[in-house]
>>> print(open('my_file.cif').read())   # mmCIF, C-alpha atoms
data_upload
#
loop_
_atom_site.label_atom_id
_atom_site.label_comp_id
_atom_site.auth_asym_id
_atom_site.auth_seq_id
_atom_site.Cartn_x
_atom_site.Cartn_y
_atom_site.Cartn_z
CA MET K 395 9.27 48.10 -2.37
CA SER K 396 6.40 45.90 -3.50
CA GLU K 397 4.93 43.25 -1.23
CA PHE K 398 5.49 39.61 -2.02
CA SER K 399 2.96 37.06 -0.83
CA GLY K 400 4.51 33.92 0.58
CA ALA K 401 1.78 31.40 -0.18
CA GLY K 402 0.02 31.06 -3.51
CA ASN K 403 2.22 32.61 -6.17
CA ASP K 404 4.85 29.94 -6.72
CA ASP K 405 6.81 31.97 -9.20
CA LEU K 406 7.75 34.51 -6.56
CA SER K 407 8.32 31.98 -3.87
CA LEU K 408 10.84 29.29 -3.09
CA PRO K 409 10.28 25.61 -3.90
CA LYS K 410 8.76 24.16 -0.71
CA ALA K 411 10.44 20.80 -1.15
CA THR K 412 13.88 22.40 -1.34
CA VAL K 413 13.18 24.48 1.74
CA GLN K 414 11.98 21.41 3.62
CA LYS K 415 15.06 19.44 2.60
CA ILE K 416 17.38 22.16 3.84
CA ILE K 417 15.49 22.46 7.12
CA SER K 418 15.81 18.70 7.59
CA GLU K 419 19.54 18.90 6.95
CA ILE K 420 19.94 21.50 9.64
CA ILE K 421 17.62 20.87 12.57
CA PRO K 422 18.75 18.69 15.46
CA PRO K 423 16.98 15.30 15.39
CA GLU K 424 14.92 15.88 18.52
CA LEU K 425 13.14 18.95 17.10
CA SER K 426 10.57 19.43 14.36
CA PHE K 427 9.70 22.48 12.31
CA SER K 428 5.99 23.31 12.19
CA LYS K 429 4.23 24.34 9.00
CA ASP K 430 3.74 27.92 10.15
CA ALA K 431 7.42 28.15 11.10
CA ARG K 432 8.36 26.96 7.63
CA GLU K 433 6.10 29.53 6.00
CA ALA K 434 7.55 32.27 8.20
CA LEU K 435 11.02 31.09 7.24
CA ILE K 436 10.18 31.24 3.53
CA GLU K 437 8.89 34.80 3.85
CA CYS K 438 12.08 35.81 5.62
CA CYS K 439 14.16 34.15 2.93
CA ILE K 440 12.41 36.02 0.17
CA GLU K 441 12.92 39.27 2.02
CA PHE K 442 16.59 38.40 2.39
CA ILE K 443 16.95 37.81 -1.34
CA MET K 444 15.27 41.10 -2.11
CA ILE K 445 17.40 43.24 0.18
CA LEU K 446 20.52 41.49 -1.04
CA ALA K 447 19.47 42.02 -4.66
CA THR K 448 18.69 45.68 -4.05
CA GLU K 449 21.95 46.37 -2.26
CA SER K 450 23.95 44.49 -4.91
CA ASN K 451 22.17 46.47 -7.61
CA ASP K 452 23.00 49.76 -5.88
CA ILE K 453 26.64 48.79 -5.61
CA ALA K 454 26.78 47.80 -9.28
CA GLU K 455 25.21 51.14 -10.24
CA LYS K 456 27.73 53.06 -8.15
CA GLU K 457 30.47 51.28 -10.05
CA ALA K 458 28.72 52.23 -13.29
CA LYS K 459 28.20 48.56 -14.13
CA LYS K 460 25.06 47.41 -15.91
CA THR K 461 25.30 43.81 -14.76
CA ILE K 462 25.24 42.65 -11.16
CA ALA K 463 28.33 40.51 -10.64
CA SER K 464 29.33 38.19 -7.80
CA ASP K 465 31.65 40.69 -6.20
CA HIS K 466 28.79 43.19 -5.98
CA VAL K 467 26.91 40.56 -3.98
CA VAL K 468 29.91 40.01 -1.72
CA LYS K 469 30.21 43.76 -1.08
CA ALA K 470 26.48 43.93 -0.44
CA LEU K 471 26.74 41.18 2.17
CA ALA K 472 29.41 43.21 3.97
CA GLU K 473 27.32 46.35 3.71
CA LEU K 474 24.24 44.62 5.13
CA GLY K 475 26.15 43.22 8.09
CA PHE K 476 26.59 39.63 6.91
CA HIS K 477 30.38 39.60 7.13
CA ASN K 478 30.43 36.04 8.40
CA TYR K 479 28.86 34.85 5.13
CA ILE K 480 31.70 36.14 3.00
CA GLU K 481 34.24 33.38 3.57
CA PRO K 482 31.95 30.47 2.60
CA ILE K 483 30.71 32.52 -0.37
CA ASN K 484 34.24 33.07 -1.62
CA LYS K 485 34.77 29.33 -1.51
CA VAL K 486 31.74 28.85 -3.76
CA LEU K 487 33.10 31.47 -6.13
CA ASP K 488 36.46 29.73 -6.36
CA GLU K 489 34.77 26.41 -7.13
CA HIS K 490 32.61 28.07 -9.77
CA LYS K 491 35.63 29.67 -11.43
CA GLU K 492 37.43 26.33 -11.57
CA HIS K 493 34.40 24.79 -13.27
CA ALA K 494 34.17 27.65 -15.73
CA LYS K 495 37.87 27.31 -16.57
CA GLY K 496 37.39 23.68 -17.50
CA LYS K 497 34.62 24.61 -19.93
CA GLU K 498 36.67 27.45 -21.33
CA LYS K 499 39.57 25.18 -22.25
CA LYS K 500 37.44 23.21 -24.68
CA HIS K 501 35.91 26.35 -26.15
CA ASN K 502 39.34 27.93 -26.66
CA LYS K 503 40.62 25.11 -28.83
CA PHE K 504 38.18 26.16 -31.51
CA MET K 505 38.56 29.87 -30.90
CA LYS K 506 42.35 29.66 -31.15
CA SER K 507 42.29 27.81 -34.45
CA GLY K 508 41.34 31.21 -35.83
CA LEU K 509 38.74 29.72 -38.10
CA THR K 510 35.09 30.52 -38.34
CA GLU K 511 32.48 27.84 -37.88
CA GLU K 512 31.94 27.80 -41.65
CA GLU K 513 35.59 27.18 -42.31
CA LEU K 514 35.72 24.47 -39.68
CA LEU K 515 32.72 22.77 -41.29
CA LYS K 516 34.42 22.93 -44.69
CA GLN K 517 37.55 21.39 -43.23
CA GLN K 518 35.49 18.62 -41.71
CA GLU K 519 33.74 17.92 -44.98
CA GLU K 520 37.08 17.84 -46.76
CA LEU K 521 38.40 15.31 -44.27
CA PHE K 522 35.32 13.13 -44.76
CA ARG K 523 35.69 13.38 -48.52
CA GLN K 524 39.31 12.35 -48.34
CA SER K 525 38.65 9.32 -46.16
CA ARG K 526 35.73 8.32 -48.38
CA SER K 527 37.89 8.42 -51.50
CA ARG K 528 40.59 6.48 -49.68
CA LEU K 529 38.12 3.73 -48.90
CA GLN K 530 36.80 3.66 -52.47
CA HIS K 531 40.32 3.53 -53.86
CA GLN K 532 41.23 0.61 -51.63
CA SER K 533 38.18 -1.45 -52.41
CA SER K 534 38.68 -0.95 -56.18
CA SER K 535 42.28 -2.23 -56.09
CA ILE K 536 41.28 -5.44 -54.33
CA ALA K 537 39.05 -8.04 -56.02
CA VAL K 538 36.91 -8.78 -53.01
CA PRO K 539 35.60 -5.78 -51.13
CA THR K 540 36.91 -6.01 -47.65
CA VAL K 541 37.05 -4.12 -44.43
CA LYS K 542 40.42 -2.74 -43.38
CA THR K 543 42.37 -5.22 -41.31
CA GLU K 544 43.52 -4.50 -37.81
CA ASP K 545 47.12 -3.75 -38.82
CA GLU K 546 46.03 -0.97 -41.12
CA ASP K 547 43.57 0.59 -38.80
CA PRO K 548 43.67 -0.57 -35.22
CA LYS K 549 40.40 1.22 -34.45
CA ILE K 550 38.39 -1.03 -36.72
CA LYS K 551 37.81 -4.52 -35.41
CA THR K 552 37.82 -7.30 -37.96
CA GLU K 553 34.70 -9.37 -38.29
CA GLY K 554 34.94 -13.06 -37.57
CA ALA K 555 35.78 -15.02 -40.71
CA THR L 507 28.10 23.76 8.87
CA TYR L 508 27.30 25.80 5.78
CA GLU L 509 29.49 23.88 3.39
CA SER L 510 27.81 20.66 4.41
CA ILE L 511 24.41 21.71 3.06
CA LYS L 512 23.81 19.44 0.12
CA THR L 513 20.52 20.82 -1.13
CA HIS L 514 20.67 23.91 -3.30
CA PHE L 515 18.13 26.30 -4.74
CA PRO L 516 17.74 26.35 -8.50
CA ALA L 517 19.65 29.36 -9.84
CA ALA L 518 16.85 30.13 -12.29
CA ARG L 519 14.34 30.57 -9.47
CA ILE L 520 16.70 32.85 -7.55
CA LYS L 521 17.22 34.93 -10.66
CA LYS L 522 13.46 35.21 -11.21
CA LEU L 523 12.95 36.36 -7.65
CA MET L 524 15.69 38.95 -7.90
CA GLN L 525 14.33 40.35 -11.13
CA SER L 526 10.73 40.46 -9.92
CA ASP L 527 11.78 43.86 -8.61
CA GLU L 528 11.80 46.22 -11.60
CA ASP L 529 14.76 48.16 -10.28
CA ILE L 530 17.03 45.13 -10.49
CA GLY L 531 18.89 45.00 -13.78
CA LYS L 532 20.90 42.29 -15.48
CA VAL L 533 22.70 39.68 -13.46
CA ALA L 534 25.86 37.80 -14.38
CA GLN L 535 25.65 34.03 -14.66
CA ALA L 536 27.37 33.31 -11.34
CA THR L 537 25.31 35.83 -9.41
CA PRO L 538 22.17 33.76 -8.68
CA VAL L 539 24.43 30.89 -7.60
CA VAL L 540 26.16 33.17 -5.10
CA VAL L 541 22.87 34.63 -3.86
CA GLY L 542 21.52 31.10 -3.52
CA ARG L 543 24.46 30.09 -1.38
CA ALA L 544 24.08 33.19 0.79
CA LEU L 545 20.43 32.25 1.16
CA GLU L 546 21.33 28.76 2.35
CA ILE L 547 23.62 30.22 4.98
CA PHE L 548 20.90 32.65 6.04
CA MET L 549 18.33 29.90 6.24
CA ALA L 550 20.60 27.65 8.25
CA SER L 551 21.38 30.36 10.76
CA LEU L 552 17.74 31.41 11.14
CA VAL L 553 16.59 27.80 11.53
CA LEU L 554 19.20 27.18 14.22
CA ALA L 555 18.35 30.41 16.03
CA SER L 556 14.67 29.45 15.94
CA CYS L 557 15.54 26.03 17.33
CA ASP L 558 17.38 27.76 20.19
CA GLU L 559 14.25 29.74 20.98
CA ALA L 560 12.18 26.53 21.09
CA LYS L 561 14.74 24.83 23.32
CA LYS L 562 14.76 27.83 25.67
CA ASN L 563 11.03 27.31 26.14
CA GLY L 564 11.49 23.58 26.58
CA GLN L 565 9.55 22.85 23.38
CA ARG L 566 10.21 20.30 20.66
CA ARG L 567 8.11 21.87 17.98
CA VAL L 568 9.53 25.01 16.43
CA THR L 569 6.75 27.45 15.63
CA ALA L 570 6.45 30.85 13.92
CA SER L 571 6.66 32.59 17.29
CA HIS L 572 10.09 31.02 17.79
CA VAL L 573 11.15 32.34 14.40
CA ARG L 574 9.91 35.76 15.45
CA GLY L 575 11.76 35.46 18.76
CA ALA L 576 14.98 34.58 16.96
CA ILE L 577 14.64 37.61 14.71
CA GLU L 578 13.95 39.99 17.54
CA ALA L 579 16.94 38.70 19.45
CA ASN L 580 19.49 39.10 16.67
CA GLU L 581 20.68 42.43 15.27
CA GLN L 582 21.61 40.83 11.97
CA TYR L 583 17.90 40.18 11.39
CA ASP L 584 16.72 43.75 12.01
CA PHE L 585 15.49 44.02 8.43
CA LEU L 586 12.88 41.37 9.27
CA VAL L 587 11.42 42.86 12.43
CA GLU L 588 8.48 44.48 10.68
CA LEU L 589 7.80 41.41 8.57
CA VAL L 590 7.41 39.14 11.61
CA GLU L 591 5.11 41.39 13.59
CA LYS L 592 2.18 39.46 12.20
CA TYR L 593 3.36 36.23 13.82
CA PRO L 594 2.45 35.35 17.41
CA ALA L 595 4.75 37.08 19.86
CA PRO L 596 7.31 34.94 21.68
CA LYS L 597 6.41 34.03 25.22
CA ASN L 598 9.23 35.85 27.06
#
>>> encode(input="my_file.cif", output="structure tokens")
Amino acid sequence: MSEFSGAGNDDLSLPKATVQKIISEIIPPELSFSKDAREALIECCIEFIMILATESNDIAEKEAKKTIASDHVVKALAELGFHNYIEPINKVLDEHKEHAKGKEKKHNKFMKSGLTEEELLKQQEELFRQSRSRLQHQSSSIAVPTVKTEDEDPKIKTEGA
Amino acid sequence: TYESIKTHFPAARIKKLMQSDEDIGKVAQATPVVVGRALEIFMASLVLASCDEAKKNGQRRVTASHVRGAIEANEQYDFLVELVEKYPAPKN
């Protein structure tokens, strides 16, 4: 496995500010974390990510899957001896699924209409055209061009006279 | 304690780190989020264990040697033993 340098290369490191914030959230008020302790912590964290990634990858490969999914990570945690992490992780997964469901509902409305984007665009244009011609027709049958009154279209507010 | 951590790592950074190893293939969208959360739990537990080491020595400042001490004292952190050899040894 290749070596990863903690300091210097920011791309292969963790954002220091985030690490510091998390440390502050956790340590008891009477203690302080020195700079070298923080750097040691970051190195350990990177190592943790790498072994977790490697184990998850191995598990995905064994299942003949090309993409590493969340449940591969969960199995990897068990395999690596981090059983106590699994319950809080599953909670995160449940929250994430709920969020994804919400997004999916909106997406499905369009998918279920069975129309392609082109057809939907055409429909939209047709609707615009119809409402435009309605407006033109109305204004031509009345001497003074006017805005629709509230009774006809409650969405449009009338201007002050 | 773990659920109460409000700060999270950006998923994109986690993904980049994971894929810096050539052997790691594609990851699903939720995967870096899950790894990030596991990382937060790991960090919290290592920070607390390091704090315990400092307290044991009656110190208020947690140093790298306390981090090393915490790792050497906990089987779950065996994968880090080599990595921390370069830090000052704990005083025990």
>>> closest_atom_pairs(input="my_file.cif", of="chain K", to="chain L", cutoff="8 Å", atoms="only C-alpha atoms", output="tab-separated table")
residue	atom	partner	partner_atom	distance
K:Met395	CA	L:Asp527	CA	8.0
K:Ser396	CA	L:Asp527	CA	7.7
K:Asp405	CA	L:Arg519	CA	7.7
K:Leu406	CA	L:Leu523	CA	5.6
K:Ser407	CA	L:Leu523	CA	7.4
K:Leu408	CA	L:Arg519	CA	7.4
K:Pro409	CA	L:Phe515	CA	7.9
K:Thr412	CA	L:Phe515	CA	6.7
K:Lys415	CA	L:Thr513	CA	6.8
K:Ile416	CA	L:Thr513	CA	6.0
K:Ile417	CA	L:Val553	CA	7.0
K:Glu419	CA	L:Ile511	CA	6.8
K:Ile420	CA	L:Ala550	CA	6.3
K:Ile421	CA	L:Leu554	CA	6.7
K:Glu424	CA	L:Arg566	CA	6.8
K:Leu425	CA	L:Arg566	CA	4.8
K:Ser426	CA	L:Arg567	CA	5.0
K:Phe427	CA	L:Val568	CA	4.8
K:Ser428	CA	L:Thr569	CA	5.4
K:Lys429	CA	L:Thr569	CA	7.7
K:Asp430	CA	L:Ala570	CA	5.5
K:Ala431	CA	L:Ala570	CA	4.0
K:Arg432	CA	L:Ala570	CA	7.6
K:Ala434	CA	L:Ala570	CA	6.0
K:Leu435	CA	L:Val573	CA	7.3
K:Cys438	CA	L:Leu586	CA	6.7
K:Cys439	CA	L:Leu545	CA	6.8
K:Ile440	CA	L:Leu523	CA	7.8
K:Glu441	CA	L:Leu586	CA	7.5
K:Phe442	CA	L:Leu545	CA	7.4
K:Ile443	CA	L:Met524	CA	6.8
K:Met444	CA	L:Met524	CA	6.2
K:Leu446	CA	L:Val541	CA	7.8
K:Ala447	CA	L:Met524	CA	5.8
K:Thr448	CA	L:Ile530	CA	6.7
K:Asn451	CA	L:Ile530	CA	6.0
K:Lys460	CA	L:Lys532	CA	6.6
K:Thr461	CA	L:Lys532	CA	4.7
K:Ile462	CA	L:Val533	CA	4.5
K:Ala463	CA	L:Ala534	CA	5.2
K:Ser464	CA	L:Thr537	CA	4.9
K:Val467	CA	L:Val541	CA	7.2
K:Gly475	CA	L:Gln582	CA	6.4
K:Phe476	CA	L:Gln582	CA	7.2
K:Tyr479	CA	L:Ala544	CA	6.7
K:Pro482	CA	L:Glu509	CA	7.1
K:Ile483	CA	L:Val540	CA	6.6
K:Val486	CA	L:Val540	CA	7.2
K:Leu487	CA	L:Val540	CA	7.2
K:His490	CA	L:Ala536	CA	7.6
>>> atom_distance(input="my_file.cif", atom1="CA of Ala470 (chain K)", atom2="CA of Glu449 (chain K)")
5.5 Å
>>> atom_distance(input="my_file.cif", atom1="CA of Lys495 (chain K)", atom2="CA of Leu471 (chain K)")
25.8 Å
>>> atom_distance(input="my_file.cif", atom1="CA of Glu492 (chain K)", atom2="CA of Lys459 (chain K)")
24.2 Å
>>> build_atoms(input="my_file.cif", residues="region 509-527 of chain L", atoms="N, CA and C atoms", output="JSON list (two decimals), keeping the file's coordinate frame")
[["chain", "number", "residue", "atom", "x", "y", "z"],
["L", 509, "GLU", "N", 29.01, 24.62, 4.55],
["L", 509, "GLU", "CA", 29.49, 23.88, 3.39],
["L", 509, "GLU", "C", 28.86, 22.51, 3.31],
["L", 510, "SER", "N", 28.35, 22.01, 4.43],
["L", 510, "SER", "CA", 27.81, 20.66, 4.41],
["L", 510, "SER", "C", 26.39, 20.59, 3.88],
["L", 511, "ILE", "N", 25.77, 21.74, 3.60],
["L", 511, "ILE", "CA", 24.41, 21.71, 3.06],
["L", 511, "ILE", "C", 24.44, 21.18, 1.64],
["L", 512, "LYS", "N", 23.73, 20.07, 1.44],
["L", 512, "LYS", "CA", 23.81, 19.44, 0.12],
["L", 512, "LYS", "C", 22.74, 19.94, -0.83],
["L", 513, "THR", "N", 21.62, 20.38, -0.27],
["L", 513, "THR", "CA", 20.52, 20.82, -1.13],
["L", 513, "THR", "C", 20.73, 22.26, -1.55],
["L", 514, "HIS", "N", 20.49, 22.54, -2.82],
["L", 514, "HIS", "CA", 20.67, 23.91, -3.30],
["L", 514, "HIS", "C", 19.43, 24.41, -4.02],
["L", 515, "PHE", "N", 19.26, 25.71, -4.02],
["L", 515, "PHE", "CA", 18.13, 26.30, -4.74],
["L", 515, "PHE", "C", 18.46, 26.41, -6.21],
["L", 516, "PRO", "N", 17.46, 26.18, -7.08],
["L", 516, "PRO", "CA", 17.74, 26.35, -8.50],
["L", 516, "PRO", "C", 18.07, 27.80, -8.82],
["L", 517, "ALA", "N", 19.20, 28.01, -9.53],
["L", 517, "ALA", "CA", 19.65, 29.36, -9.84],
["L", 517, "ALA", "C", 18.60, 30.14, -10.61],
["L", 518, "ALA", "N", 17.87, 29.45, -11.49],
["L", 518, "ALA", "CA", 16.85, 30.13, -12.29],
["L", 518, "ALA", "C", 15.76, 30.75, -11.41],
["L", 519, "ARG", "N", 15.38, 30.04, -10.36],
["L", 519, "ARG", "CA", 14.34, 30.57, -9.47],
["L", 519, "ARG", "C", 14.84, 31.78, -8.71],
["L", 520, "ILE", "N", 16.09, 31.72, -8.27],
["L", 520, "ILE", "CA", 16.70, 32.85, -7.55],
["L", 520, "ILE", "C", 16.72, 34.07, -8.46],
["L", 521, "LYS", "N", 17.13, 33.83, -9.71],
["L", 521, "LYS", "CA", 17.22, 34.93, -10.66],
["L", 521, "LYS", "C", 15.84, 35.57, -10.88],
["L", 522, "LYS", "N", 14.83, 34.71, -11.00],
["L", 522, "LYS", "CA", 13.46, 35.21, -11.21],
["L", 522, "LYS", "C", 13.02, 36.08, -10.05],
["L", 523, "LEU", "N", 13.31, 35.61, -8.84],
["L", 523, "LEU", "CA", 12.95, 36.36, -7.65],
["L", 523, "LEU", "C", 13.64, 37.72, -7.64],
["L", 524, "MET", "N", 14.93, 37.71, -7.91],
["L", 524, "MET", "CA", 15.69, 38.95, -7.90],
["L", 524, "MET", "C", 15.08, 39.95, -8.88],
["L", 525, "GLN", "N", 14.77, 39.46, -10.07],
["L", 525, "GLN", "CA", 14.33, 40.35, -11.13],
["L", 525, "GLN", "C", 12.83, 40.66, -11.09],
["L", 526, "SER", "N", 12.14, 40.11, -10.08],
["L", 526, "SER", "CA", 10.73, 40.46, -9.92],
["L", 526, "SER", "C", 10.61, 41.91, -9.47],
["L", 527, "ASP", "N", 11.71, 42.45, -8.95],
["L", 527, "ASP", "CA", 11.78, 43.86, -8.61],
["L", 527, "ASP", "C", 12.28, 44.59, -9.86]]
